[in-house]
Amino acid sequence: MKKRRERIDRGIKVRAEDIFAVCSWREMLYLSAPRLLPIVGFIVLPLILGVYWQRVLLSVAIFALLAISWDILAQSGMVSLGQALFFGMGAYCSGILNHYFGISPFVTIPIAAVVGGAICTVLLLPVLRLRGVYFAMVTLIIPLMLERVIEATKIFGGTEGISGLTSLPSTWLELYILLAAVLAALFGFRRLMTSDYGLVLKGIQDNDRSVMNAGINIYWFKIQALFIASVVGSFAGAMMTHVYRFVGMPVFALDYSILPIAAAMVGGPGSFAGATLGAFILVPLSEALRALGGLRIVFYGVFLVIFVVGLPEGIFHFVARKYHQFERWVEVEK
Amino acid sequence: MSETPLLRVDELSKAFGGVQAVNRVSFDLNKGDLLGIIGPNGSGKTTTVNLITGFVKATGGRVMFKGQEITRLAPYKIVRLGIARTFQMVKPFYQLPAFKNMIIPLYSPRVKALVGGKYGDRNAVALDLLEEVGFERDAQVAYKAASVLPQGYLKRLELAKAIALQPELMILDELFSGLSLAEVASIVPIIEKLLLEGKTIIMIEHRLKELFRIANRVIVLNFGRKIAEGSAKEVMESDEVKKAYLGSEE
C-alpha cells in the first residue's frame with residue numbers, strides 16, 4: 001500500500017479563511033482544538049496550582065488584558081506606550097469609589113472600567129490627530145505626569161496611596177472573573193476585528209487617508225477603538241486594586257506600559273491570542289527568575305532579545321503557521 | 001445657462017508658503033461631462049483635486065457642488081455628498097485581500113444611506129464590483145493580498161473603491177500612469193461605461209492620446225494657472241499650451 005503525506009487542513013479550507021467544509025471528527029477537532037485549549041486550560045489551571053502560583057496566574061491575566069488592550073490600539077493604527085494610564089485610571093476610580101463612598105467591589109469594578117475608560121479617552125482626545133511616534137510619546141508621558149500630580153497635590157492619599165480596600169470574597173472568584181474576562185476579550189475582540197467594523201479599524205492602521213477617502217470619519221472610529229481599549233485596561237486596573245486591597249502611585253508606573261508591549265511582541269503582534277500567550281510566558285518567567293536576585297532583569301532582557309531576534313513574527317504566528325502545515329499520511333488509491 | 005452646474009470651481013487658489021500652487025482656477029462641470037485636466041509636472045493638477053476633495057485647505061476661492069459650498073469641508077464629508085476620487089499613488093490596504101479592501105468603502109455611511117441599510121453580504125458585492133473592473137473571477141485574483149498584486153490590478157482596485165461609493169462625480173488622478181498600453185485599453189471601456197451610467201468624471205492625465213479619445217472637454221494648467229480650456233483639438237492648437245509643453249523659443 002503506497003502512502004503520501006497530505007496537509008490536514010486540505011479539504012477543510014476552501015479558498016477564503018472563513019469558509020469551511022468540515023466532514024469528519026478529525027477535522028472538527030483540528031479546527032476546535034486551538035479554541036478549546038485556552039478555555040479548558042483556564043478552567044483547570046486554578047484548580048491544580050498552589051497559592052503562590054495562583055497569585056502569579058492573577059498577574060498573568062492582568063497583563064494579558066493589558067496586552068490585549070495594547071493590541072486593540074495597535075491594530076487601529078495607534079501605537080501606545082502608556083497602558084499604565086488605563087490601568088492606573090481604573091485602579092484609582094475603583095479605589096476612590098470603594099474608600100470614600102464605601103461601594104462594593106462588584107459595583108466599583110464595572111463602574112471604574114467604564115468611567116476610567118471614558119476619562120482616558122477624553123484625556124487622549126486632543127492627541128488623536130497625532131500619528132506613530134508622536135502619539136506614542138504623549139501616551140508615555142501622561143501616566144508619568146499623573147503620578148507627579150498625585151505626589152505634589154497629595155490627593156487621594158498622595159504618596160501613601162489608599163489602603164484597606166474591600167477585597168472580593170475569595171481568590172477563586174478573582175481568578176475566575178479575570179480568566180473569564182481574558183477569554184471574553186480574546187474571542188470577542190478577535191471576532192470584532194474580523195468583522196466589517198474591524199476592517200475599518202485595520203484600514204486606519206494601514207492607510208488612514210484611504211479610509212477618509214471612503215467617506216468615513218476616522219477620528220470617530222479611533223475614539224471608539226480608544227474607548228474599547230481603555231475600558232479593557234481600566235477593568236484590569238480595577239480588579240488589581242481589589243486584589244491588592246491597595247491603590248497608589250505605582251499603578252501609573254512604567255511596568256504596566258512596557259510589559260504588555262513586550263508580551264504582545266513576544267507572543268505575536270496583531271493577534272489577541274499572541275498577546276495573551278506572551279503574557280503567559282513573560283510573567284511566570286519573571287517570577288521563575290526571581291531566585292537569581294539582582295541578575296534577574298539581565299536574564300529577562302537576554303531572553304527578550306533572543307525572542308525578538310529569533311522569532312520576530314512572534315510565537316503565536318510561528319505556532320499557528322506550523323499548525324496549518326500539519327501533515328498526515330494518507331493511503332494512495334491505486 | 002439656467003441649470004446650476006454639478007461642480008463650480010471659482011477662483012480657487014492655494015499657496016504653499018511663497019509658492020502659488022493653484023492660482024485663481026475657475027471652471028464649471030455639468031452632469032455627464034468628462035473633463036480632462038492636463039499640464040506639465042508641477043502645474044497644480046493634483047493640488048486642484050486635493051482642494052476640491054478637501055485633502056488640502058484652500059487659501060482662496062470657492063468650490064460649489066450641486067449648489068452647495070464645500071470649500072472647507074472635511075474630506076469624509078465631501079465624499080458623503082457624492083465626490084469620490086482615486087489617488088495617483090495607489091493607496092490600497094496592503095495587509096488585506098483585494099476584496100476585503102472593498103469592504104471599507106462599502107461600509108461608508110454614504111453607501112449605507114443609499115442602500116437603506118440593507119446590504120446583505122458585503123463580500124459578494126465586493127467581488128461583483130471587482131469583476132466589473134477586470135478582476136477575473138476564475139483566476140481568483142480578488143482573494144490575493146493587495147501587497148502581492150501588480151500595479152495594473154492596484155489601479156483597478158483604486159477605481160473599484162471609488163465606484164463602490166456610488167458617487168455622482170468621480171475624480172481619477174493619473175489612473176493610466178504606470179500602466180501598459182494593453183492595460184489602459186482595457187480600462188477605457190470601464191470609464192466609457194461609467195459615463196453611460198450618467199457619472200460625471202474629471203481625469204488628470206499625462207497619457208493625452210487615450211484621454212482625448214474619451215474627454216469631451218479639457219483644461220490645461222501651467223504654474224497653477226488655467227491657460228486653456230475647450231475641446232482637445234482647440235486646446236492643443238493654443239499657442240500658450242504649445243509653449244508650456246514644448247518651451248518657448250526665446
# chains A, B, ... in the order shown; residues from 1 in each chain; ligands from 1
call {"tool": "closest_atom_pairs", "arguments": {"of": "chain B", "to": "chain A", "cutoff": "8 Å", "atoms": "only C-alpha atoms", "output": "tab-separated table"}}
result
residue	atom	partner	partner_atom	distance
B:Pro75	CA	A:Met212	CA	6.5
B:Tyr76	CA	A:Gly215	CA	3.9
B:Lys77	CA	A:Gly215	CA	6.3
B:Ile78	CA	A:Gly215	CA	7.4
B:Val79	CA	A:Gly215	CA	4.8
B:Arg80	CA	A:Gly215	CA	5.4
B:Ala84	CA	A:Asn213	CA	7.2
B:Arg85	CA	A:Asn213	CA	7.3
B:Lys91	CA	A:Ser210	CA	6.0
B:Pro92	CA	A:Ser210	CA	7.3
B:Phe93	CA	A:Asp206	CA	5.5
B:Tyr94	CA	A:Asp206	CA	6.9
B:Gln95	CA	A:Asp206	CA	7.4
B:Lys100	CA	A:Leu199	CA	7.8
B:Ile103	CA	A:Asp196	CA	6.6
B:Ile104	CA	A:Val200	CA	5.6
B:Pro105	CA	A:Ala214	CA	4.7
B:Tyr107	CA	A:Asp196	CA	7.2
B:Ser108	CA	A:Gly215	CA	5.7
B:Pro109	CA	A:Gly215	CA	6.9
B:Arg110	CA	A:Gly215	CA	6.9
B:Tyr143	CA	A:Ala16	CA	7.3
B:Lys161	CA	A:Ala214	CA	7.9
B:Ala162	CA	A:Ala214	CA	7.8
B:Leu165	CA	A:Ala214	CA	7.0
call {"tool": "residues_around", "arguments": {"residues": "Thr166 (chain A)", "least_positions_apart": "4", "cutoff": "10 Å", "atoms": "only C-alpha atoms", "output": "list in words"}}
result
Gly95, Asn98, His99, Gly102, Ile103, Ser104, Pro105, Thr241, His242, Val243, Tyr244, Arg245 and Phe246 of chain A
call {"tool": "write_last_selection", "arguments": {"atoms": "C-alpha atoms", "output": "PDB file, in the first residue's frame"}}
result
ATOM      1  CA  GLY A  95     -10.213  52.640  44.857  1.00  0.00           C
ATOM      2  CA  ASN A  98     -14.658  51.964  47.450  1.00  0.00           C
ATOM      3  CA  HIS A  99     -12.746  54.016  50.031  1.00  0.00           C
ATOM      4  CA  GLY A 102     -17.979  52.500  50.593  1.00  0.00           C
ATOM      5  CA  ILE A 103     -19.315  50.918  47.427  1.00  0.00           C
ATOM      6  CA  SER A 104     -18.934  47.146  46.987  1.00  0.00           C
ATOM      7  CA  PRO A 105     -16.239  45.886  44.560  1.00  0.00           C
ATOM      8  CA  THR A 241      -6.963  47.318  43.161  1.00  0.00           C
ATOM      9  CA  HIS A 242      -9.338  44.965  44.907  1.00  0.00           C
ATOM     10  CA  VAL A 243      -6.930  42.034  44.713  1.00  0.00           C
ATOM     11  CA  TYR A 244      -4.161  44.012  46.454  1.00  0.00           C
ATOM     12  CA  ARG A 245      -6.677  45.982  48.536  1.00  0.00           C
ATOM     13  CA  PHE A 246      -4.490  48.994  47.790  1.00  0.00           C
TER      14      PHE A 246
END
call {"tool": "atom_distance", "arguments": {"atom1": "CA of Ser32 (chain A)", "atom2": "CA of Tyr323 (chain A)"}}
result
12.4 Å
call {"tool": "select_by_dssp", "arguments": {"residues": "region 39-128 of chain B", "states": "strand (DSSP E)", "output": "list in words"}}
result
Gly60, Gly61, Arg62, Val63, Met64, Phe65, Gln68, Glu69, Ile83, Ala84 and Arg85 of chain B
call {"tool": "write_last_selection", "arguments": {"atoms": "C-alpha atoms", "output": "short mmCIF file (atom, residue, chain, number, x, y, z; two decimals), in the first residue's frame"}}
result
data_model
loop_
_atom_site.label_atom_id
_atom_site.label_comp_id
_atom_site.auth_asym_id
_atom_site.auth_seq_id
_atom_site.Cartn_x
_atom_site.Cartn_y
_atom_site.Cartn_z
CA GLY B 60 -8.83 81.47 -1.60
CA GLY B 61 -11.82 80.87 -3.84
CA ARG B 62 -14.80 78.57 -3.59
CA VAL B 63 -15.93 75.13 -4.67
CA MET B 64 -19.66 74.56 -5.13
CA PHE B 65 -21.12 71.07 -5.54
CA GLN B 68 -23.74 73.83 -2.00
CA GLU B 69 -20.43 75.27 -0.89
CA ILE B 83 -17.50 63.06 -4.82
CA ALA B 84 -15.12 60.09 -4.92
CA ARG B 85 -11.53 60.17 -6.04
#
call {"tool": "closest_atom_pairs", "arguments": {"of": "region 142-195 of chain B", "to": "region 215-237 of chain B", "cutoff": "12 Å", "atoms": "only C-alpha atoms", "output": "JSON lines"}}
result
{"residue": "B:Val188", "atom": "CA", "partner": "B:Ala215", "partner_atom": "CA", "distance": 11.0}
{"residue": "B:Ile191", "atom": "CA", "partner": "B:Ala215", "partner_atom": "CA", "distance": 10.4}
{"residue": "B:Glu192", "atom": "CA", "partner": "B:Ala215", "partner_atom": "CA", "distance": 9.8}
{"residue": "B:Leu195", "atom": "CA", "partner": "B:Ala215", "partner_atom": "CA", "distance": 10.3}
call {"tool": "write_last_selection", "arguments": {"atoms": "C-alpha atoms", "output": "PDB file, in the first residue's frame"}}
result
ATOM      1  CA  VAL B 188     -11.041  52.819 -21.138  1.00  0.00           C
ATOM      2  CA  ILE B 191     -14.761  54.603 -17.925  1.00  0.00           C
ATOM      3  CA  GLU B 192     -16.982  54.840 -21.010  1.00  0.00           C
ATOM      4  CA  LEU B 195     -20.215  57.854 -18.448  1.00  0.00           C
TER       5      LEU B 195
END
call {"tool": "residues_around", "arguments": {"residues": "Ile43 (chain A)", "least_positions_apart": "4", "cutoff": "9 Å", "atoms": "only C-alpha atoms", "output": "PyMOL selection string"}}
result
chain A and resi 38-39+47+176+179
call {"tool": "write_last_selection", "arguments": {"atoms": "C-alpha atoms", "output": "mmCIF file, in the first residue's frame"}}
result
data_model
loop_
_atom_site.group_PDB
_atom_site.id
_atom_site.type_symbol
_atom_site.label_atom_id
_atom_site.label_comp_id
_atom_site.auth_asym_id
_atom_site.auth_seq_id
_atom_site.Cartn_x
_atom_site.Cartn_y
_atom_site.Cartn_z
ATOM 1 C CA PRO A 38 -7.314 28.076 26.310
ATOM 2 C CA ILE A 39 -10.866 27.503 27.564
ATOM 3 C CA LEU A 47 -7.536 24.043 40.367
ATOM 4 C CA TYR A 176 -12.239 33.062 37.501
ATOM 5 C CA LEU A 179 -9.758 34.448 33.342
#
call {"tool": "select_by_dssp", "arguments": {"residues": "region 117-200 of chain A", "states": "helix (DSSP H, G or I)", "output": "ChimeraX atom specification"}}
result
/A:117-127,132-153,155-157,171-194,196-200
call {"tool": "residues_around", "arguments": {"residues": "Phe189 (chain A)", "least_positions_apart": "5", "cutoff": "9 Å", "atoms": "only C-alpha atoms", "output": "ChimeraX atom specification"}}
result
/A:68,72,184,194,198,272
call {"tool": "write_last_selection", "arguments": {"atoms": "N, CA, C and O atoms", "output": "mmCIF file, in the first residue's frame"}}
result
data_model
loop_
_atom_site.group_PDB
_atom_site.id
_atom_site.type_symbol
_atom_site.label_atom_id
_atom_site.label_comp_id
_atom_site.auth_asym_id
_atom_site.auth_seq_id
_atom_site.Cartn_x
_atom_site.Cartn_y
_atom_site.Cartn_z
ATOM 1 N N ILE A 68 -3.810 42.779 25.474
ATOM 2 C CA ILE A 68 -4.910 42.785 24.510
ATOM 3 C C ILE A 68 -5.342 44.220 24.238
ATOM 4 O O ILE A 68 -5.552 44.622 23.089
ATOM 5 N N ILE A 72 -5.408 46.141 20.636
ATOM 6 C CA ILE A 72 -6.573 46.774 20.001
ATOM 7 C C ILE A 72 -6.147 48.114 19.417
ATOM 8 O O ILE A 72 -6.459 48.447 18.271
ATOM 9 N N ALA A 184 -13.158 36.267 27.235
ATOM 10 C CA ALA A 184 -14.151 37.086 26.542
ATOM 11 C C ALA A 184 -13.457 38.097 25.635
ATOM 12 O O ALA A 184 -13.839 38.296 24.477
ATOM 13 N N THR A 194 -12.364 40.932 12.931
ATOM 14 C CA THR A 194 -12.550 40.334 11.611
ATOM 15 C C THR A 194 -13.894 40.733 11.002
ATOM 16 O O THR A 194 -14.176 40.392 9.863
ATOM 17 N N GLY A 198 -14.272 45.956 12.193
ATOM 18 C CA GLY A 198 -12.854 45.778 12.488
ATOM 19 C C GLY A 198 -11.978 46.058 11.281
ATOM 20 O O GLY A 198 -10.869 46.574 11.417
ATOM 21 N N PHE A 272 -4.768 38.782 19.180
ATOM 22 C CA PHE A 272 -5.033 38.834 20.612
ATOM 23 C C PHE A 272 -4.544 37.561 21.291
ATOM 24 O O PHE A 272 -4.108 37.596 22.439
#
call {"tool": "closest_atom_pairs", "arguments": {"of": "region 190-284 of chain A", "to": "region 106-116 of chain A", "cutoff": "10 Å", "atoms": "only C-alpha atoms", "output": "Markdown table"}}
result
| residue | atom | partner | partner_atom | distance |
| --- | --- | --- | --- | --- |
| A:Phe227 | CA | A:Val114 | CA | 8.7 |
| A:Ile228 | CA | A:Val114 | CA | 9.2 |
| A:Ser230 | CA | A:Gly116 | CA | 7.4 |
| A:Val231 | CA | A:Ala113 | CA | 5.0 |
| A:Val232 | CA | A:Ala113 | CA | 7.0 |
| A:Gly233 | CA | A:Ala113 | CA | 7.7 |
| A:Ser234 | CA | A:Ala113 | CA | 4.7 |
| A:Phe235 | CA | A:Ala113 | CA | 4.4 |
| A:Ala236 | CA | A:Ala113 | CA | 8.0 |
| A:Gly237 | CA | A:Ala113 | CA | 8.2 |
| A:Ala238 | CA | A:Ile109 | CA | 5.4 |
| A:Met239 | CA | A:Ile109 | CA | 6.5 |
| A:Met240 | CA | A:Ile109 | CA | 9.8 |
| A:Thr241 | CA | A:Ile109 | CA | 9.2 |
| A:His242 | CA | A:Ile109 | CA | 8.6 |
call {"tool": "write_last_selection", "arguments": {"atoms": "N, CA and C atoms", "output": "mmCIF file, in the first residue's frame"}}
result
data_model
loop_
_atom_site.group_PDB
_atom_site.id
_atom_site.type_symbol
_atom_site.label_atom_id
_atom_site.label_comp_id
_atom_site.auth_asym_id
_atom_site.auth_seq_id
_atom_site.Cartn_x
_atom_site.Cartn_y
_atom_site.Cartn_z
ATOM 1 N N PHE A 227 -11.670 53.990 23.246
ATOM 2 C CA PHE A 227 -12.556 53.746 24.390
ATOM 3 C C PHE A 227 -12.578 52.254 24.741
ATOM 4 N N ILE A 228 -12.711 51.417 23.725
ATOM 5 C CA ILE A 228 -12.738 49.969 23.975
ATOM 6 C C ILE A 228 -11.452 49.542 24.690
ATOM 7 N N SER A 230 -9.369 51.382 26.394
ATOM 8 C CA SER A 230 -9.269 51.970 27.739
ATOM 9 C C SER A 230 -10.120 51.203 28.725
ATOM 10 N N VAL A 231 -11.304 50.782 28.302
ATOM 11 C CA VAL A 231 -12.185 50.040 29.212
ATOM 12 C C VAL A 231 -11.509 48.735 29.627
ATOM 13 N N VAL A 232 -10.891 48.044 28.668
ATOM 14 C CA VAL A 232 -10.216 46.785 28.994
ATOM 15 C C VAL A 232 -9.095 47.044 30.003
ATOM 16 N N GLY A 233 -8.283 48.077 29.738
ATOM 17 C CA GLY A 233 -7.178 48.405 30.644
ATOM 18 C C GLY A 233 -7.679 48.825 32.012
ATOM 19 N N SER A 234 -8.721 49.648 32.046
ATOM 20 C CA SER A 234 -9.252 50.130 33.323
ATOM 21 C C SER A 234 -9.854 48.993 34.131
ATOM 22 N N PHE A 235 -10.481 48.045 33.432
ATOM 23 C CA PHE A 235 -11.035 46.882 34.124
ATOM 24 C C PHE A 235 -9.910 46.120 34.828
ATOM 25 N N ALA A 236 -8.793 45.924 34.109
ATOM 26 C CA ALA A 236 -7.653 45.223 34.708
ATOM 27 C C ALA A 236 -7.176 45.968 35.958
ATOM 28 N N GLY A 237 -7.085 47.287 35.856
ATOM 29 C CA GLY A 237 -6.638 48.095 36.991
ATOM 30 C C GLY A 237 -7.579 47.983 38.179
ATOM 31 N N ALA A 238 -8.885 48.052 37.889
ATOM 32 C CA ALA A 238 -9.887 47.988 38.950
ATOM 33 C C ALA A 238 -9.827 46.637 39.674
ATOM 34 N N MET A 239 -9.657 45.565 38.902
ATOM 35 C CA MET A 239 -9.546 44.232 39.506
ATOM 36 C C MET A 239 -8.332 44.177 40.431
ATOM 37 N N MET A 240 -7.195 44.687 39.905
ATOM 38 C CA MET A 240 -5.944 44.632 40.648
ATOM 39 C C MET A 240 -6.074 45.383 41.981
ATOM 40 N N THR A 241 -6.774 46.523 41.950
ATOM 41 C CA THR A 241 -6.963 47.318 43.161
ATOM 42 C C THR A 241 -7.602 46.486 44.262
ATOM 43 N N HIS A 242 -8.628 45.734 43.889
ATOM 44 C CA HIS A 242 -9.338 44.965 44.907
ATOM 45 C C HIS A 242 -8.603 43.691 45.271
#
call {"tool": "residues_around", "arguments": {"residues": "region 134-138 of chain A", "least_positions_apart": "5", "cutoff": "8 Å", "atoms": "only C-alpha atoms", "output": "ChimeraX atom specification"}}
result
/A:78-82,127-128
call {"tool": "residues_around", "arguments": {"residues": "Leu259 (chain A)", "least_positions_apart": "3", "cutoff": "9 Å", "atoms": "only C-alpha atoms", "output": "VMD selection string"}}
result
chain A and resid 63 66 to 67 254 to 256 262 to 264 279 282 to 283
call {"tool": "residues_around", "arguments": {"residues": "Pro189 (chain B)", "least_positions_apart": "5", "cutoff": "10 Å", "atoms": "only C-alpha atoms", "output": "list in words"}}
result
Val133, Val184, Leu194, Leu195 and Ile214 of chain B
call {"tool": "decode", "arguments": {"residues": "region 115-127 of chain B", "atoms": "N, CA, C and O atoms", "output": "PDB file, in the first residue's frame"}}
result
ATOM      1  N   VAL B 115     -28.248  52.484   0.114  1.00  0.00           N
ATOM      2  CA  VAL B 115     -28.900  51.176   0.011  1.00  0.00           C
ATOM      3  C   VAL B 115     -29.912  50.968   1.130  1.00  0.00           C
ATOM      4  O   VAL B 115     -30.496  49.899   1.242  1.00  0.00           O
ATOM      5  N   GLY B 116     -30.096  51.971   1.968  1.00  0.00           N
ATOM      6  CA  GLY B 116     -31.106  51.882   3.018  1.00  0.00           C
ATOM      7  C   GLY B 116     -30.766  50.875   4.094  1.00  0.00           C
ATOM      8  O   GLY B 116     -31.646  50.260   4.678  1.00  0.00           O
ATOM      9  N   GLY B 117     -29.468  50.693   4.346  1.00  0.00           N
ATOM     10  CA  GLY B 117     -29.063  49.843   5.458  1.00  0.00           C
ATOM     11  C   GLY B 117     -29.116  48.356   5.173  1.00  0.00           C
ATOM     12  O   GLY B 117     -28.594  47.567   5.928  1.00  0.00           O
ATOM     13  N   LYS B 118     -29.738  47.954   4.062  1.00  0.00           N
ATOM     14  CA  LYS B 118     -29.797  46.503   3.804  1.00  0.00           C
ATOM     15  C   LYS B 118     -28.829  46.145   2.688  1.00  0.00           C
ATOM     16  O   LYS B 118     -29.086  46.351   1.525  1.00  0.00           O
ATOM     17  N   TYR B 119     -27.686  45.622   3.089  1.00  0.00           N
ATOM     18  CA  TYR B 119     -26.669  45.308   2.104  1.00  0.00           C
ATOM     19  C   TYR B 119     -26.404  43.822   2.021  1.00  0.00           C
ATOM     20  O   TYR B 119     -25.644  43.363   1.204  1.00  0.00           O
ATOM     21  N   GLY B 120     -27.016  43.027   2.891  1.00  0.00           N
ATOM     22  CA  GLY B 120     -26.761  41.602   2.871  1.00  0.00           C
ATOM     23  C   GLY B 120     -25.284  41.331   3.043  1.00  0.00           C
ATOM     24  O   GLY B 120     -24.677  41.790   4.003  1.00  0.00           O
ATOM     25  N   ASP B 121     -24.700  40.644   2.104  1.00  0.00           N
ATOM     26  CA  ASP B 121     -23.318  40.223   2.205  1.00  0.00           C
ATOM     27  C   ASP B 121     -22.425  41.196   1.443  1.00  0.00           C
ATOM     28  O   ASP B 121     -22.439  41.238   0.223  1.00  0.00           O
ATOM     29  N   ARG B 122     -21.635  41.985   2.197  1.00  0.00           N
ATOM     30  CA  ARG B 122     -20.750  42.946   1.528  1.00  0.00           C
ATOM     31  C   ARG B 122     -19.701  42.236   0.681  1.00  0.00           C
ATOM     32  O   ARG B 122     -19.287  42.742  -0.347  1.00  0.00           O
ATOM     33  N   ASN B 123     -19.260  41.044   1.138  1.00  0.00           N
ATOM     34  CA  ASN B 123     -18.238  40.321   0.376  1.00  0.00           C
ATOM     35  C   ASN B 123     -18.697  40.049  -1.048  1.00  0.00           C
ATOM     36  O   ASN B 123     -17.936  40.199  -1.991  1.00  0.00           O
ATOM     37  N   ALA B 124     -19.956  39.645  -1.189  1.00  0.00           N
ATOM     38  CA  ALA B 124     -20.478  39.317  -2.520  1.00  0.00           C
ATOM     39  C   ALA B 124     -20.509  40.569  -3.388  1.00  0.00           C
ATOM     40  O   ALA B 124     -20.125  40.534  -4.562  1.00  0.00           O
ATOM     41  N   VAL B 125     -20.952  41.691  -2.807  1.00  0.00           N
ATOM     42  CA  VAL B 125     -20.986  42.945  -3.558  1.00  0.00           C
ATOM     43  C   VAL B 125     -19.573  43.332  -3.977  1.00  0.00           C
ATOM     44  O   VAL B 125     -19.328  43.748  -5.114  1.00  0.00           O
ATOM     45  N   ALA B 126     -18.627  43.147  -3.053  1.00  0.00           N
ATOM     46  CA  ALA B 126     -17.231  43.496  -3.334  1.00  0.00           C
ATOM     47  C   ALA B 126     -16.702  42.695  -4.516  1.00  0.00           C
ATOM     48  O   ALA B 126     -16.084  43.239  -5.432  1.00  0.00           O
ATOM     49  N   LEU B 127     -16.992  41.398  -4.522  1.00  0.00           N
ATOM     50  CA  LEU B 127     -16.495  40.552  -5.607  1.00  0.00           C
ATOM     51  C   LEU B 127     -17.121  40.943  -6.945  1.00  0.00           C
ATOM     52  O   LEU B 127     -16.447  40.963  -7.978  1.00  0.00           O
TER      53      LEU B 127
END
